$ cat data_6.txt   # compact mmCIF, C-alpha atoms
# COMPACT_ATOMS: atom_id res chain seq x y z
CA MET A 1 31.12 -50.90 86.82
CA SER A 2 29.39 -48.63 89.14
CA VAL A 3 26.05 -46.98 88.53
CA ASN A 4 27.80 -43.65 88.31
CA ASN A 5 30.15 -44.96 85.67
CA ILE A 6 27.31 -46.49 83.70
CA THR A 7 25.31 -43.29 83.98
CA SER A 8 28.34 -41.27 82.92
CA LYS A 9 28.97 -43.58 79.97
CA ILE A 10 25.29 -43.38 78.92
CA LEU A 11 25.39 -39.61 79.25
CA ARG A 12 28.65 -39.40 77.23
CA ASP A 13 27.26 -41.73 74.56
CA ALA A 14 24.02 -39.76 74.51
CA GLU A 15 26.00 -36.52 74.31
CA GLY A 16 28.03 -37.96 71.41
CA ARG A 17 24.88 -39.12 69.62
CA LYS A 18 23.22 -35.79 70.34
CA GLU A 19 26.15 -33.99 68.72
CA SER A 20 26.04 -36.40 65.78
CA ILE A 21 22.26 -36.03 65.42
CA LEU A 22 22.50 -32.24 65.70
CA ALA A 23 25.32 -32.17 63.12
CA ALA A 24 23.28 -34.39 60.76
CA ALA A 25 20.19 -32.22 61.34
CA GLU A 26 22.27 -29.07 60.69
CA GLU A 27 23.63 -30.64 57.49
CA GLU A 28 20.11 -31.69 56.38
CA LYS A 29 18.81 -28.20 57.24
CA ASN A 30 21.61 -26.64 55.15
CA LYS A 31 20.86 -29.00 52.21
CA ILE A 32 17.13 -28.19 52.35
CA LEU A 33 17.86 -24.49 52.75
CA SER A 34 20.36 -24.61 49.87
CA LYS A 35 17.81 -26.39 47.65
CA LYS A 36 15.09 -23.89 48.59
CA VAL A 37 17.43 -20.93 47.93
CA ALA A 38 18.48 -22.43 44.57
CA SER A 39 14.84 -23.11 43.69
CA ALA A 40 13.87 -19.57 44.73
CA LYS A 41 16.71 -18.14 42.62
CA GLU A 42 15.58 -20.24 39.63
CA LEU A 43 12.01 -19.04 40.15
CA GLU A 44 13.23 -15.46 40.54
CA THR A 45 15.24 -15.73 37.30
CA GLU A 46 12.27 -17.30 35.51
CA ILE A 47 9.89 -14.58 36.77
CA LEU A 48 12.37 -11.84 35.82
CA GLU A 49 12.85 -13.34 32.33
CA LYS A 50 9.07 -13.60 31.83
CA ALA A 51 8.61 -10.04 33.11
CA GLU A 52 11.35 -8.83 30.77
CA ILE A 53 9.79 -10.64 27.79
CA GLU A 54 6.34 -9.28 28.66
CA ALA A 55 7.74 -5.76 29.14
CA LYS A 56 9.57 -5.98 25.81
CA SER A 57 6.45 -7.31 24.11
CA LYS A 58 4.31 -4.58 25.68
CA ARG A 59 6.88 -1.93 24.72
CA GLU A 60 6.89 -3.24 21.13
CA ARG A 61 3.06 -3.20 21.06
CA VAL A 62 3.02 0.37 22.38
CA ILE A 63 5.64 1.46 19.83
CA SER A 64 3.83 -0.39 17.04
CA GLY A 65 0.51 1.17 18.09
CA ALA A 66 2.09 4.63 18.20
CA LYS A 67 3.64 4.15 14.75
CA LEU A 68 0.31 2.96 13.35
CA LYS A 69 -1.50 5.93 14.90
CA ALA A 70 1.10 8.34 13.52
CA ARG A 71 0.83 6.71 10.07
CA ASN A 72 -2.97 6.95 10.15
CA GLU A 73 -2.84 10.59 11.23
CA LYS A 74 -0.35 11.33 8.46
CA LEU A 75 -2.60 9.61 5.91
CA ALA A 76 -5.63 11.51 7.21
CA ALA A 77 -3.72 14.80 6.93
CA LYS A 78 -2.65 13.94 3.37
CA GLN A 79 -6.22 12.98 2.48
CA GLU A 80 -7.42 16.29 3.91
CA VAL A 81 -4.92 18.18 1.73
CA ILE A 82 -5.98 16.19 -1.35
CA GLU A 83 -9.66 16.92 -0.59
CA GLU A 84 -8.74 20.60 -0.26
CA VAL A 85 -7.10 20.51 -3.71
CA PHE A 86 -10.25 19.05 -5.27
CA SER A 87 -12.43 21.55 -3.40
CA LYS A 88 -10.26 24.40 -4.69
CA SER A 89 -10.63 22.97 -8.22
CA VAL A 90 -14.41 23.28 -7.92
CA GLU A 91 -13.99 26.84 -6.59
CA LYS A 92 -11.74 27.72 -9.53
CA LEU A 93 -14.26 26.33 -12.02
CA CYS A 94 -16.98 28.37 -10.31
CA LYS A 95 -14.91 31.49 -10.98
CA LEU A 96 -14.92 31.07 -14.79
CA ASN A 97 -15.78 34.37 -16.43
CA ASP A 98 -19.04 34.60 -18.43
CA ARG A 99 -17.39 33.91 -21.80
CA GLU A 100 -15.50 30.85 -20.44
CA PHE A 101 -18.65 29.53 -18.73
CA VAL A 102 -20.74 29.86 -21.93
CA LYS A 103 -17.97 28.10 -23.89
CA PHE A 104 -17.93 25.31 -21.27
CA ILE A 105 -21.74 24.89 -21.57
CA LYS A 106 -21.65 24.83 -25.39
CA ASP A 107 -18.67 22.50 -25.71
CA SER A 108 -20.00 20.13 -23.06
CA ILE A 109 -23.53 19.89 -24.49
CA LEU A 110 -22.26 19.43 -28.05
CA SER A 111 -19.94 16.61 -26.93
CA LEU A 112 -22.66 14.68 -25.05
CA ASP A 113 -24.60 11.74 -26.46
CA ILE A 114 -28.08 13.31 -26.17
CA ASP A 115 -31.28 13.64 -28.21
CA GLY A 116 -31.17 17.45 -28.22
CA ASP A 117 -34.54 18.13 -26.57
CA GLU A 118 -33.48 18.11 -22.90
CA SER A 119 -34.07 20.79 -20.27
CA LEU A 120 -30.98 22.74 -19.23
CA ILE A 121 -30.91 23.18 -15.44
CA LEU A 122 -28.64 25.97 -14.20
CA ASN A 123 -27.99 27.51 -10.80
CA ASN A 124 -28.83 31.19 -10.11
CA ASP A 125 -25.54 32.47 -11.53
CA GLY A 126 -25.81 30.23 -14.59
CA GLN A 127 -29.33 31.49 -15.36
CA LYS A 128 -28.00 35.05 -15.39
CA ILE A 129 -25.13 34.16 -17.75
CA VAL A 130 -26.72 31.75 -20.26
CA SER A 131 -29.10 33.73 -22.45
CA LYS A 132 -31.77 32.50 -24.89
CA GLU A 133 -29.40 33.48 -27.70
CA VAL A 134 -26.73 31.12 -26.33
CA VAL A 135 -29.30 28.29 -26.19
CA GLU A 136 -30.38 29.09 -29.79
CA GLN A 137 -26.73 28.84 -30.92
CA ILE A 138 -26.42 25.47 -29.16
CA ASN A 139 -29.66 24.26 -30.80
CA THR A 140 -28.46 25.39 -34.25
CA GLU A 141 -25.24 23.40 -33.81
CA LEU A 142 -27.18 20.37 -32.52
CA LYS A 143 -29.42 20.48 -35.63
CA ALA A 144 -26.31 20.67 -37.81
CA LYS A 145 -25.23 17.39 -36.15
CA GLY A 146 -28.58 15.79 -37.05
CA LEU A 147 -30.05 16.11 -33.54
CA LYS A 148 -33.37 17.69 -32.50
CA GLY A 149 -31.93 21.05 -31.39
CA GLU A 150 -34.72 21.81 -28.92
CA ILE A 151 -32.75 22.42 -25.71
CA LYS A 152 -34.57 24.83 -23.40
CA ILE A 153 -33.60 26.46 -20.09
CA SER A 154 -35.50 24.86 -17.21
CA GLU A 155 -37.40 27.00 -14.73
CA THR A 156 -35.96 24.76 -12.00
CA VAL A 157 -32.99 26.45 -10.34
CA GLY A 158 -30.21 24.02 -9.45
CA SER A 159 -28.78 24.00 -5.94
CA PHE A 160 -25.29 23.08 -7.14
CA ARG A 161 -22.27 25.40 -7.12
CA GLY A 162 -21.59 25.53 -10.85
CA GLY A 163 -21.92 23.76 -14.18
CA PHE A 164 -25.25 22.39 -15.40
CA VAL A 165 -27.60 19.41 -15.52
CA LEU A 166 -29.47 18.19 -18.60
CA GLU A 167 -32.78 16.52 -17.74
CA LYS A 168 -35.27 14.59 -19.84
CA GLY A 169 -38.03 12.34 -18.55
CA GLY A 170 -36.53 12.09 -15.07
CA VAL A 171 -33.10 11.10 -16.41
CA GLU A 172 -30.33 13.55 -15.62
CA VAL A 173 -26.92 14.08 -17.17
CA ASN A 174 -24.97 15.70 -14.35
CA ASN A 175 -22.31 18.12 -15.57
CA THR A 176 -22.07 20.14 -12.38
CA PHE A 177 -18.55 21.15 -11.45
CA GLU A 178 -18.83 19.09 -8.27
CA ALA A 179 -19.81 15.95 -10.23
CA LEU A 180 -17.09 16.49 -12.84
CA VAL A 181 -14.38 16.88 -10.19
CA ASP A 182 -15.76 13.87 -8.26
CA SER A 183 -15.72 11.74 -11.42
CA LEU A 184 -12.03 12.56 -11.94
CA LYS A 185 -11.11 12.19 -8.27
CA ASP A 186 -10.41 8.44 -8.33
CA GLU A 187 -8.15 8.55 -11.36
CA LEU A 188 -6.37 11.78 -10.35
CA GLU A 189 -6.01 11.20 -6.61
CA PHE A 190 -2.75 9.24 -6.97
CA GLU A 191 -1.25 11.84 -9.33
CA VAL A 192 -2.27 14.71 -7.04
CA ALA A 193 -0.69 12.88 -4.08
CA GLN A 194 2.52 12.35 -6.10
CA VAL A 195 2.72 16.05 -6.96
CA LEU A 196 1.91 17.19 -3.41
CA PHE A 197 3.98 14.76 -1.36
CA ASN A 198 7.01 13.78 -3.48
$ encode --input "data_6.txt" --output "structure tokens"
Amino acid sequence: MSVNNITSKILRDAEGRKESILAAAEEEKNKILSKKVASAKELETEILEKAEIEAKSKRERVISGAKLKARNEKLAAKQEVIEEVFSKSVEKLCKLNDREFVKFIKDSILSLDIDGDESLILNNDGQKIVSKEVVEQINTELKAKGLKGEIKISETVGSFRGGFVLEKGGVEVNNTFEALVDSLKDELEFEVAQVLFN
């Protein structure tokens, strides 16, 4: 075999191996590429699923937060209306005519558990309405109940809107309209809400 033939054979064999090596390399490249593409698609799907879950969760939190805020604002508005009702109740009591106010003072004092020698504190309007004669009538009825009957109008003018305060030795019995409405607020609040909002 001549050198040319041997060289040609080596070149042909090398060419054949080259083709085989290139084909194997191409196949390996395609396998690696295919794996990487599949892995990237899996990762993409996983990322998209996580993003979707997070977006849904965030959306639910936003909706939940908005519902809670709306509920709180609704409750605050209802509470404001209820407070307005109680405030109007105090206003209405403050508008009692003189006869009704005197009757309120008499009935309230006569129903209280007192000694009968307290000072009667009134606001400016109350001092104009409740005369010494009214206090004498109250004292007469207190004596008839076996009490001292020595109630007197205090020189102290109350800074409350209406009603009265009985005071003795630093102890006060608060019968102001504000205090009376406040004392009923807890037990009536539910009923007022039922009437207003149902």
$ axis_aligned_box --input "data_6.txt" --around "segment 13-20 of chain A" --padding-each-side "5 Å" --output "AutoDock Vina command-line options"
--center_x 25.6 --center_y -37.9 --center_z 70.2 --size_x 14.8 --size_y 17.7 --size_z 18.8
$ closest_residue --input "data_6.txt" --among "A:Asn123, A:Thr45, A:Thr7, A:Ser2" --to "Arg161 of chain A" --atoms "all atoms listed in the file"
A:Asn123
$ residues_around --input "data_6.txt" --residues "Asn124 of chain A" --least-positions-apart "5" --cutoff "12 Å" --atoms "all atoms listed in the file" --output "VMD selection string"
chain A and resid 129 to 130 154 to 164
$ closest_residue --input "data_6.txt" --among "A:Asp98, A:Ile121, A:Leu93, A:Lys106" --to "Leu180 of chain A" --atoms "all atoms listed in the file"
A:Leu93
$ atom_distance --input "data_6.txt" --atom1 "atom CA of Glu187 of chain A" --atom2 "atom CA of Val102 of chain A"
26.9 Å
$ atom_distance --input "data_6.txt" --atom1 "atom CA of Lys143 of chain A" --atom2 "atom CA of Leu120 of chain A"
16.6 Å
$ closest_residue --input "data_6.txt" --among "A:Glu136, A:Glu83, A:Gly65, A:Ala23" --to "Leu188 of chain A" --atoms "only C-alpha atoms"
A:Glu83
$ atom_distance --input "data_6.txt" --atom1 "atom CA of Phe197 of chain A" --atom2 "atom CA of Lys78 of chain A"
8.2 Å
$ closest_residue --input "data_6.txt" --among "A:Ile82, A:Cys94, A:Glu178, A:Glu19" --to "Glu191 of chain A" --atoms "only C-alpha atoms"
A:Ile82
$ build_atoms --input "data_6.txt" --residues "segment 155-170 of chain A" --atoms "N, CA and C atoms" --output "PDB file, in the coordinates of the input"
ATOM      1  N   GLU A 155     -37.044  26.016 -15.766  1.00  0.00           N
ATOM      2  CA  GLU A 155     -37.400  27.000 -14.730  1.00  0.00           C
ATOM      3  C   GLU A 155     -36.880  26.556 -13.360  1.00  0.00           C
ATOM      4  N   THR A 156     -36.534  25.277 -13.251  1.00  0.00           N
ATOM      5  CA  THR A 156     -35.960  24.760 -12.000  1.00  0.00           C
ATOM      6  C   THR A 156     -34.564  25.348 -11.825  1.00  0.00           C
ATOM      7  N   VAL A 157     -34.321  25.896 -10.644  1.00  0.00           N
ATOM      8  CA  VAL A 157     -32.990  26.450 -10.340  1.00  0.00           C
ATOM      9  C   VAL A 157     -32.209  25.395  -9.569  1.00  0.00           C
ATOM     10  N   GLY A 158     -31.039  25.047 -10.098  1.00  0.00           N
ATOM     11  CA  GLY A 158     -30.210  24.020  -9.450  1.00  0.00           C
ATOM     12  C   GLY A 158     -29.573  24.523  -8.174  1.00  0.00           C
ATOM     13  N   SER A 159     -29.394  23.617  -7.220  1.00  0.00           N
ATOM     14  CA  SER A 159     -28.780  24.000  -5.940  1.00  0.00           C
ATOM     15  C   SER A 159     -27.298  23.634  -5.900  1.00  0.00           C
ATOM     16  N   PHE A 160     -26.706  23.416  -7.048  1.00  0.00           N
ATOM     17  CA  PHE A 160     -25.290  23.080  -7.140  1.00  0.00           C
ATOM     18  C   PHE A 160     -24.462  24.356  -7.276  1.00  0.00           C
ATOM     19  N   ARG A 161     -23.149  24.221  -7.123  1.00  0.00           N
ATOM     20  CA  ARG A 161     -22.270  25.400  -7.120  1.00  0.00           C
ATOM     21  C   ARG A 161     -21.989  25.936  -8.516  1.00  0.00           C
ATOM     22  N   GLY A 162     -21.890  25.075  -9.491  1.00  0.00           N
ATOM     23  CA  GLY A 162     -21.590  25.530 -10.850  1.00  0.00           C
ATOM     24  C   GLY A 162     -21.767  24.412 -11.842  1.00  0.00           C
ATOM     25  N   GLY A 163     -21.711  24.753 -13.139  1.00  0.00           N
ATOM     26  CA  GLY A 163     -21.920  23.760 -14.180  1.00  0.00           C
ATOM     27  C   GLY A 163     -23.397  23.700 -14.545  1.00  0.00           C
ATOM     28  N   PHE A 164     -23.853  22.522 -14.982  1.00  0.00           N
ATOM     29  CA  PHE A 164     -25.250  22.390 -15.400  1.00  0.00           C
ATOM     30  C   PHE A 164     -25.694  20.934 -15.312  1.00  0.00           C
ATOM     31  N   VAL A 165     -27.003  20.748 -15.445  1.00  0.00           N
ATOM     32  CA  VAL A 165     -27.600  19.410 -15.520  1.00  0.00           C
ATOM     33  C   VAL A 165     -28.542  19.417 -16.703  1.00  0.00           C
ATOM     34  N   LEU A 166     -28.478  18.376 -17.538  1.00  0.00           N
ATOM     35  CA  LEU A 166     -29.470  18.190 -18.600  1.00  0.00           C
ATOM     36  C   LEU A 166     -30.460  17.149 -18.100  1.00  0.00           C
ATOM     37  N   GLU A 167     -31.752  17.431 -18.259  1.00  0.00           N
ATOM     38  CA  GLU A 167     -32.780  16.520 -17.740  1.00  0.00           C
ATOM     39  C   GLU A 167     -33.817  16.251 -18.824  1.00  0.00           C
ATOM     40  N   LYS A 168     -34.203  14.963 -18.911  1.00  0.00           N
ATOM     41  CA  LYS A 168     -35.270  14.590 -19.840  1.00  0.00           C
ATOM     42  C   LYS A 168     -35.956  13.354 -19.274  1.00  0.00           C
ATOM     43  N   GLY A 169     -37.243  13.481 -19.027  1.00  0.00           N
ATOM     44  CA  GLY A 169     -38.030  12.340 -18.550  1.00  0.00           C
ATOM     45  C   GLY A 169     -37.510  11.743 -17.252  1.00  0.00           C
ATOM     46  N   GLY A 170     -37.022  12.575 -16.365  1.00  0.00           N
ATOM     47  CA  GLY A 170     -36.530  12.090 -15.070  1.00  0.00           C
ATOM     48  C   GLY A 170     -35.090  11.592 -15.102  1.00  0.00           C
TER      49      GLY A 170
END
